[in-house]
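One file, coords18.txt, is given below (compact mmCIF, C-alpha atoms).
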```txt
# COMPACT_ATOMS: atom_id res chain seq x y z
CA MET W 1 -2.16 -25.92 50.09
CA THR W 2 0.82 -24.19 48.51
CA MET W 3 1.12 -20.70 47.18
CA ASN W 4 2.69 -20.06 43.82
CA THR W 5 5.47 -17.57 44.46
CA SER W 6 7.03 -17.68 41.01
CA LYS W 7 7.61 -14.31 39.44
CA PRO W 8 6.67 -13.53 35.86
CA ASN W 9 9.52 -13.50 33.43
CA PRO W 10 10.16 -9.93 32.31
CA GLY W 11 11.27 -11.23 28.96
CA ASN W 12 7.71 -12.34 28.23
CA TYR W 13 6.66 -8.70 28.07
CA ARG W 14 9.38 -7.60 25.72
CA GLY W 15 7.91 -6.25 22.51
CA ASN W 16 4.44 -5.84 23.98
CA ARG W 17 2.86 -3.14 21.87
CA ASP W 18 0.95 -1.76 24.89
CA ASP W 19 4.27 -1.11 26.61
CA GLU W 20 5.49 0.80 23.55
CA TYR W 21 2.31 2.85 23.10
CA VAL W 22 3.49 5.53 25.52
CA PRO W 23 3.74 9.34 25.44
CA LEU W 24 6.35 10.80 23.14
CA GLU W 25 9.48 11.97 24.92
CA GLY W 26 12.04 14.46 23.69
CA GLY W 27 9.79 16.70 21.60
CA THR W 28 9.10 16.75 17.87
CA SER W 29 12.52 17.72 16.59
CA PHE W 30 13.88 16.25 13.36
CA SER W 31 16.48 14.07 15.08
CA ASN W 32 14.16 12.90 17.86
CA LEU W 33 11.42 11.73 15.48
CA ILE W 34 13.99 9.84 13.43
CA GLY W 35 15.13 8.07 16.58
CA LYS W 36 11.57 7.30 17.64
CA LEU W 37 10.70 5.95 14.18
CA LEU W 38 13.52 3.44 14.49
CA ARG W 39 13.30 2.58 18.20
CA LYS W 40 9.85 3.36 19.60
CA PRO W 41 7.49 4.29 16.73
CA LEU W 42 4.26 3.70 18.63
CA SER W 43 5.05 6.68 20.86
CA ILE W 44 4.57 8.87 17.79
CA PHE W 45 1.07 7.48 17.29
CA HIS W 46 0.30 8.01 20.96
CA GLU W 47 1.19 11.68 20.55
CA LEU W 48 -0.84 11.92 17.35
CA GLU W 49 -3.95 10.57 19.06
CA THR W 50 -3.69 12.22 22.47
CA GLY W 51 -1.51 15.29 22.03
CA ASN W 52 -1.87 18.69 20.41
CA LEU W 53 1.19 18.52 18.17
CA SER W 54 -0.20 16.29 15.43
CA TRP W 55 0.25 18.68 12.52
CA GLN W 56 3.75 19.57 13.71
CA ILE W 57 4.61 15.88 13.72
CA HIS W 58 3.19 15.54 10.20
CA GLY W 59 5.43 18.35 8.97
CA VAL W 60 8.58 16.86 10.49
CA LEU W 61 7.79 13.38 9.15
CA ILE W 62 7.26 14.80 5.66
CA LEU W 63 10.55 16.68 5.97
CA VAL W 64 12.30 13.44 6.95
CA ALA W 65 10.84 11.75 3.88
CA VAL W 66 11.79 14.57 1.50
CA VAL W 67 15.38 14.77 2.76
CA CYS W 68 15.92 11.01 2.69
CA LEU W 69 14.29 10.53 -0.71
CA SER W 70 16.29 13.41 -2.17
CA VAL W 71 19.55 11.84 -1.01
CA PHE W 72 18.49 8.44 -2.27
CA GLY W 73 17.35 9.89 -5.59
CA PHE W 74 20.68 11.68 -6.07
CA VAL W 75 22.50 8.38 -5.56
CA VAL W 76 20.20 6.72 -8.09
CA GLY W 77 21.00 9.56 -10.50
CA THR W 78 24.71 8.73 -10.36
CA PHE W 79 23.97 5.74 -12.61
CA SER W 80 23.53 8.08 -15.59
CA TRP W 81 24.80 11.42 -14.21
CA GLY W 82 23.87 14.53 -16.21
CA SER W 83 20.29 15.71 -15.72
CA GLN W 84 19.43 12.57 -13.77
CA LEU W 85 21.27 13.97 -10.76
CA TRP W 86 18.36 16.37 -10.22
CA SER W 87 15.52 14.74 -12.15
CA ALA W 88 15.74 11.37 -10.36
CA PRO W 89 15.39 12.94 -6.87
CA LEU W 90 12.57 15.17 -8.14
CA LYS W 91 10.66 12.23 -9.62
CA ILE W 92 11.15 9.99 -6.60
CA VAL W 93 10.09 12.64 -4.08
CA SER W 94 7.11 13.95 -6.05
CA GLY W 95 6.00 10.48 -7.13
CA LEU W 96 5.92 9.00 -3.63
CA ILE W 97 4.23 12.03 -2.06
CA PHE W 98 1.59 12.11 -4.80
CA SER W 99 1.02 8.36 -4.39
CA ALA W 100 0.49 8.88 -0.66
CA LEU W 101 -1.99 11.70 -1.25
CA ILE W 102 -4.18 9.74 -3.65
CA CYS W 103 -4.16 6.73 -1.28
CA LEU W 104 -5.05 8.78 1.82
CA PRO W 105 -8.88 8.68 1.36
CA SER W 106 -8.89 4.88 1.01
CA LEU W 107 -6.68 4.52 4.09
CA TYR W 108 -9.10 6.56 6.17
CA ILE W 109 -12.08 4.55 4.90
CA PHE W 110 -10.42 1.18 5.56
CA THR W 111 -9.33 2.16 9.07
CA CYS W 112 -12.88 3.24 9.87
CA ILE W 113 -14.30 -0.01 8.51
CA GLY W 114 -11.75 -1.87 10.61
CA GLY W 115 -13.12 -0.32 13.79
CA LEU W 116 -10.51 2.38 14.40
CA GLU W 117 -12.06 5.38 16.11
CA ALA W 118 -9.22 7.80 15.47
CA ARG W 119 -9.00 11.38 14.39
CA PHE W 120 -8.38 12.10 10.72
CA SER W 121 -5.10 13.74 11.68
CA SER W 122 -4.02 10.44 13.27
CA VAL W 123 -4.69 8.59 10.01
CA VAL W 124 -2.69 11.23 8.15
CA GLY W 125 0.08 10.62 10.66
CA MET W 126 -0.05 6.89 9.94
CA LEU W 127 0.50 7.59 6.27
CA CYS W 128 3.28 10.09 6.97
CA SER W 129 4.96 7.51 9.20
CA ILE W 130 4.88 4.88 6.45
CA VAL W 131 6.50 7.24 3.97
CA ALA W 132 9.04 8.58 6.47
CA LEU W 133 10.12 5.15 7.73
CA SER W 134 10.36 3.69 4.23
CA SER W 135 12.40 6.70 3.08
CA LEU W 136 14.68 6.46 6.09
CA LEU W 137 15.36 2.80 5.36
CA LEU W 138 15.96 3.56 1.67
CA VAL W 139 18.64 6.11 2.46
CA GLY W 140 20.29 3.44 4.60
CA PHE W 141 20.69 1.37 1.42
CA ALA W 142 22.08 4.36 -0.52
CA PRO W 143 25.75 3.23 -0.24
CA VAL W 144 24.82 -0.15 -1.73
CA VAL W 145 22.95 1.53 -4.59
CA TRP W 146 25.89 3.87 -5.20
CA LEU W 147 28.32 0.95 -5.48
CA PHE W 148 26.28 -0.75 -8.19
CA SER W 149 25.43 2.55 -9.90
CA VAL W 150 29.07 3.38 -10.54
CA SER W 151 30.15 -0.18 -11.35
CA SER W 152 27.24 -1.60 -13.38
CA THR W 153 25.91 -0.69 -16.82
CA SER W 154 22.74 -2.80 -16.68
CA THR W 155 19.61 -0.68 -16.39
CA VAL W 156 17.48 -3.78 -15.81
CA PHE W 157 19.63 -4.94 -12.91
CA ILE W 158 19.63 -1.51 -11.23
CA GLY W 159 15.87 -1.22 -11.73
CA PHE W 160 15.26 -4.68 -10.27
CA MET W 161 17.49 -3.90 -7.30
CA LEU W 162 15.70 -0.61 -6.60
CA LEU W 163 12.31 -2.32 -6.84
CA THR W 164 13.44 -5.02 -4.41
CA LEU W 165 14.77 -2.45 -1.94
CA TRP W 166 11.53 -0.47 -2.14
CA MET W 167 9.43 -3.55 -1.38
CA ILE W 168 11.63 -4.37 1.61
CA CYS W 169 11.48 -0.84 2.99
CA VAL W 170 7.77 -0.27 2.46
CA GLY W 171 7.16 -3.69 4.01
CA PHE W 172 8.55 -2.34 7.28
CA GLY W 173 6.24 0.65 6.89
CA PHE W 174 3.24 -1.66 6.47
CA THR W 175 4.24 -3.59 9.59
CA LEU W 176 4.30 -0.31 11.49
CA ILE W 177 0.72 0.65 10.64
CA PHE W 178 -0.53 -2.83 11.56
CA ARG W 179 1.07 -2.42 14.98
CA ALA W 180 -0.25 1.11 15.31
CA GLY W 181 -3.77 0.06 14.32
CA LYS W 182 -3.87 -2.65 16.98
CA ALA W 183 -2.40 -0.36 19.64
CA MET W 184 -4.97 2.35 18.85
CA GLY W 185 -7.91 -0.05 19.11
CA MET W 186 -8.47 -1.32 15.57
CA THR W 187 -10.56 -4.49 15.81
CA ASN W 188 -9.94 -5.85 12.30
CA THR W 189 -6.64 -5.13 10.57
CA GLY W 190 -7.50 -7.26 7.54
CA HIS W 191 -8.72 -4.15 5.74
CA LEU W 192 -5.24 -2.66 6.09
CA LEU W 193 -3.82 -5.56 4.08
CA VAL W 194 -6.04 -4.62 1.15
CA TRP W 195 -4.92 -1.00 1.41
CA CYS W 196 -1.25 -2.01 1.56
CA MET W 197 -1.60 -3.88 -1.73
CA ILE W 198 -3.28 -0.84 -3.30
CA PHE W 199 -0.55 1.50 -2.06
CA LEU W 200 2.20 -0.78 -3.34
CA LEU W 201 0.59 -1.04 -6.78
CA VAL W 202 0.14 2.73 -6.97
CA THR W 203 3.78 3.44 -6.13
CA VAL W 204 5.03 0.87 -8.64
CA GLN W 205 2.80 2.26 -11.38
CA MET W 206 4.00 5.76 -10.50
CA THR W 207 7.59 4.75 -11.30
CA THR W 208 6.40 3.79 -14.78
CA SER W 209 4.40 7.00 -15.22
CA LEU W 210 7.44 9.11 -14.26
CA ARG W 211 9.93 7.07 -16.32
CA PRO W 212 12.80 7.19 -16.82
CA ILE W 213 14.09 7.23 -13.24
CA VAL W 214 17.01 4.97 -14.10
CA GLY W 215 18.89 5.49 -17.36
CA GLU W 216 18.82 8.22 -19.97
CA SER W 217 16.04 9.47 -22.21
CA ASP W 218 15.49 12.18 -24.82
CA SER W 219 12.59 13.59 -22.79
CA LEU W 220 12.17 14.23 -19.08
CA PHE W 221 8.77 12.49 -18.95
CA ASN W 222 6.86 10.06 -21.18
CA PHE W 223 3.31 11.03 -20.29
CA GLY W 224 2.15 10.68 -23.88
CA GLU W 225 2.84 6.93 -23.95
CA LYS W 226 0.62 5.12 -21.44
CA LYS W 227 1.87 1.76 -20.19
CA PHE W 228 1.10 -0.64 -17.39
CA PHE W 229 4.15 -1.34 -15.25
CA LEU W 230 4.24 -5.06 -16.11
CA GLN W 231 4.24 -4.24 -19.82
CA TYR W 232 7.00 -1.68 -19.37
CA TRP W 233 9.14 -4.08 -17.34
CA SER W 234 8.74 -6.88 -19.89
CA GLU W 235 9.77 -4.53 -22.72
CA GLN W 236 12.86 -3.41 -20.81
CA LEU W 237 13.80 -7.01 -20.06
CA GLN W 238 13.33 -8.00 -23.69
CA GLN W 239 15.54 -5.14 -24.87
CA ALA W 240 18.25 -6.13 -22.41
CA THR W 241 18.28 -9.73 -23.65
CA ASP W 242 18.25 -8.92 -27.39
```

Would you mind giving the structure from this file in structure tokens?
Amino acid sequence: MTMNTSKPNPGNYRGNRDDEYVPLEGGTSFSNLIGKLLRKPLSIFHELETGNLSWQIHGVLILVAVVCLSVFGFVVGTFSWGSQLWSAPLKIVSGLIFSALICLPSLYIFTCIGGLEARFSSVVGMLCSIVALSSLLLVGFAPVVWLFSVSSTSTVFIGFMLLTLWMICVGFGFTLIFRAGKAMGMTNTGHLLVWCMIFLLVTVQMTTSLRPIVGESDSLFNFGEKKFFLQYWSEQLQQATD
């Protein structure tokens, strides 16, 4: 009879979400939460669920989102300059925050249906984390957007590029809440997929409701003319090809 003396490979445990779901270190400062969002995001959810600093974390995450979206919006505004330098950041910040607020009730319901027994403040933190991480990634693409903003005259191309970047960035945010849901005990994350599709549709429709974000217009908003985002995009593409 022989005894198996082989040792487990430490590499097999790399990326284990249970290993990352640990107490938050370094406090809730602006810079520390940015670092944790990028390196060890599950520690933020651990603090939200077990600590007493949940609302402080919410505030810092919202601040991260507002700062990053403002910078990104300013860069987007350089495509047209003028009033777009302040109106584009205003529309992007207010539009995304409002989209998050109206999607918060459905997120809480879907997490409950999925078996997550978490505090409401933890679910709010999940939403804040999605917005903050997506905004942080967007500002990372700001130099790329600036290059095309100052060198291109195609509104359709800039709009398509911004839409693509948003889908990439929010996709990372969606991945984060799936990981957080599993780490916090969610038994069925399929409901989160439905919510992610709803959130994405809401944000895309919001860009149409707050148009124009890219390009110039005689009015700041076009609330009087209701359009579905697919209709608006097809009209813009048709105008560009005429």

Interatomic distance, atom CA of Leu38 of chain W to atom CA of Val202 of chain W (Å, one decimal):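 So the two atoms, atom CA of Leu38 of chain W and atom CA of Val202 of chain W, lie 25.3 Å apart.
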
Selected residue of minimal separation from Ser129 of chain W among W:Met167, W:Ile92, W:Ala180, W:Ala142, counting all atoms listed in the file: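 Counting all atoms listed in the file, the residue closest to Ser129 of chain W is W:Ala180.
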
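Nearest-residue note for Thr111 of chain W: choosing from W:Val123, W:Val131, W:Ile62, W:Ile213, the minimum distance belongs to W:Val123, counting only C-alpha atoms.
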
Gap from atom CA of Asn188 of chain W to atom CA of Leu137 of chain W - Å, one decimal: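 Result for atom CA of Asn188 of chain W versus atom CA of Leu137 of chain W: 27.6 Å, one decimal.
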
Neighbour list for Ile158 of chain W as a ChimeraX atom specification, cut-off 10 Å, all atoms listed in the file, skip fewer than 4 positions in-chain: /W:76,79,145,148-149,152-154,162-164,214-215

Contact table segment 80-153 of chain W vs segment 44-57 of chain W, cut-off 8 Å, shortest pair per residue, all atoms listed in the file, as JSON lines:
```
{"residue": "W:Ala118", "atom": "CA", "partner": "W:Glu49", "partner_atom": "CA", "distance": 7.0}
{"residue": "W:Arg119", "atom": "CA", "partner": "W:Glu49", "partner_atom": "CA", "distance": 6.9}
{"residue": "W:Ser121", "atom": "CA", "partner": "W:Ser54", "partner_atom": "CA", "distance": 6.7}
{"residue": "W:Ser122", "atom": "CA", "partner": "W:Leu48", "partner_atom": "CA", "distance": 5.4}
{"residue": "W:Gly125", "atom": "CA", "partner": "W:Leu48", "partner_atom": "CA", "distance": 6.9}
{"residue": "W:Met126", "atom": "CA", "partner": "W:Phe45", "partner_atom": "CA", "distance": 7.5}
```

Generate the output file for the selected residues, C-alpha atoms, as a PDB file, in the coordinates of the input.
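Contents of result02.pdb, as written:
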```
ATOM      1  CA  ALA W 118      -9.220   7.800  15.470  1.00  0.00           C
ATOM      2  CA  ARG W 119      -9.000  11.380  14.390  1.00  0.00           C
ATOM      3  CA  SER W 121      -5.100  13.740  11.680  1.00  0.00           C
ATOM      4  CA  SER W 122      -4.020  10.440  13.270  1.00  0.00           C
ATOM      5  CA  GLY W 125       0.080  10.620  10.660  1.00  0.00           C
ATOM      6  CA  MET W 126      -0.050   6.890   9.940  1.00  0.00           C
TER       7      MET W 126
END
```

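Remark: for Thr175 of chain W, the closest of the candidate residues W:Pro41, W:Gly35, W:Gly26, W:Gly59 is W:Pro41 (distances computed over all atoms listed in the file).
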
Residue nearest Gly115 of chain W - candidates W:Val139, W:Leu201, W:Met186, W:Leu165, atoms counted: all atoms listed in the file: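 Of all the options, W:Met186 lies closest to Gly115 of chain W.
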
May I have the residues within 12 Å of Ile109 of chain W as a PDB file with C-alpha atoms, in the frame of the given file, using only C-alpha atoms and disregarding those fewer than 2 positions away in the same chain?
```
ATOM      1  CA  CYS W 103      -4.160   6.730  -1.280  1.00  0.00           C
ATOM      2  CA  LEU W 104      -5.050   8.780   1.820  1.00  0.00           C
ATOM      3  CA  PRO W 105      -8.880   8.680   1.360  1.00  0.00           C
ATOM      4  CA  SER W 106      -8.890   4.880   1.010  1.00  0.00           C
ATOM      5  CA  LEU W 107      -6.680   4.520   4.090  1.00  0.00           C
ATOM      6  CA  THR W 111      -9.330   2.160   9.070  1.00  0.00           C
ATOM      7  CA  CYS W 112     -12.880   3.240   9.870  1.00  0.00           C
ATOM      8  CA  ILE W 113     -14.300  -0.010   8.510  1.00  0.00           C
ATOM      9  CA  GLY W 114     -11.750  -1.870  10.610  1.00  0.00           C
ATOM     10  CA  GLY W 115     -13.120  -0.320  13.790  1.00  0.00           C
ATOM     11  CA  LEU W 116     -10.510   2.380  14.400  1.00  0.00           C
ATOM     12  CA  GLU W 117     -12.060   5.380  16.110  1.00  0.00           C
ATOM     13  CA  ALA W 118      -9.220   7.800  15.470  1.00  0.00           C
ATOM     14  CA  PHE W 120      -8.380  12.100  10.720  1.00  0.00           C
ATOM     15  CA  VAL W 123      -4.690   8.590  10.010  1.00  0.00           C
ATOM     16  CA  VAL W 124      -2.690  11.230   8.150  1.00  0.00           C
ATOM     17  CA  HIS W 191      -8.720  -4.150   5.740  1.00  0.00           C
ATOM     18  CA  LEU W 192      -5.240  -2.660   6.090  1.00  0.00           C
ATOM     19  CA  VAL W 194      -6.040  -4.620   1.150  1.00  0.00           C
ATOM     20  CA  TRP W 195      -4.920  -1.000   1.410  1.00  0.00           C
TER      21      TRP W 195
END
```

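Comparing the minimum interatomic distances between Tyr21 of chain W and each of W:Lys227, W:Phe98, W:Met197, W:Met184, counting only C-alpha atoms, we find that W:Met184 sits nearest.
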
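Distance check against Ile130 of chain W using all atoms listed in the file: of W:Leu193, W:Val71, W:Val60, W:Ile177, the minimum falls on W:Ile177.
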
Cys68 of chain W environment, 8 Å, all atoms listed in the file, sequence neighbours closer than 5 positions dropped, as a VMD selection string: chain W and resid 135 to 136 138 to 139

Atom pair atom CA of Val64 of chain W / atom CA of Thr189 of chain W: separation (Å):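 Between atom CA of Val64 of chain W and atom CA of Thr189 of chain W the gap works out to 26.8 Å.
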
Spatial neighbours of Val66 of chain W, 9 Å, all atoms listed in the file, chain gap at least 3 places, as an MDAnalysis selection string: chainID W and resid 61:63 69:71 93:94 97 132 135

Polymer residues at most 8 Å from Leu42 of chain W, all atoms listed in the file, same-chain spacing of 5 or more positions, as a list in words: Arg17, Glu20, Tyr21, Val22, Arg179, Ala180 and Ala183 of chain W

Please produce a file of the residues just selected, as a short mmCIF file (atom, residue, chain, number, x, y, z; two decimals), in the frame of the given file, where the atoms kept are C-alpha atoms.
```cif
data_model
loop_
_atom_site.label_atom_id
_atom_site.label_comp_id
_atom_site.auth_asym_id
_atom_site.auth_seq_id
_atom_site.Cartn_x
_atom_site.Cartn_y
_atom_site.Cartn_z
CA ARG W 17 2.86 -3.14 21.87
CA GLU W 20 5.49 0.80 23.55
CA TYR W 21 2.31 2.85 23.10
CA VAL W 22 3.49 5.53 25.52
CA ARG W 179 1.07 -2.42 14.98
CA ALA W 180 -0.25 1.11 15.31
CA ALA W 183 -2.40 -0.36 19.64
#
```

Centre, edges in Å (one decimal): axis-aligned box, segment 148-154 of chain W, 8 Å padding on all six sides, as AutoDock Vina command-line options:
```
--center_x 26.4 --center_y 0.3 --center_z -12.5 --size_x 23.4 --size_y 22.2 --size_z 24.6
```
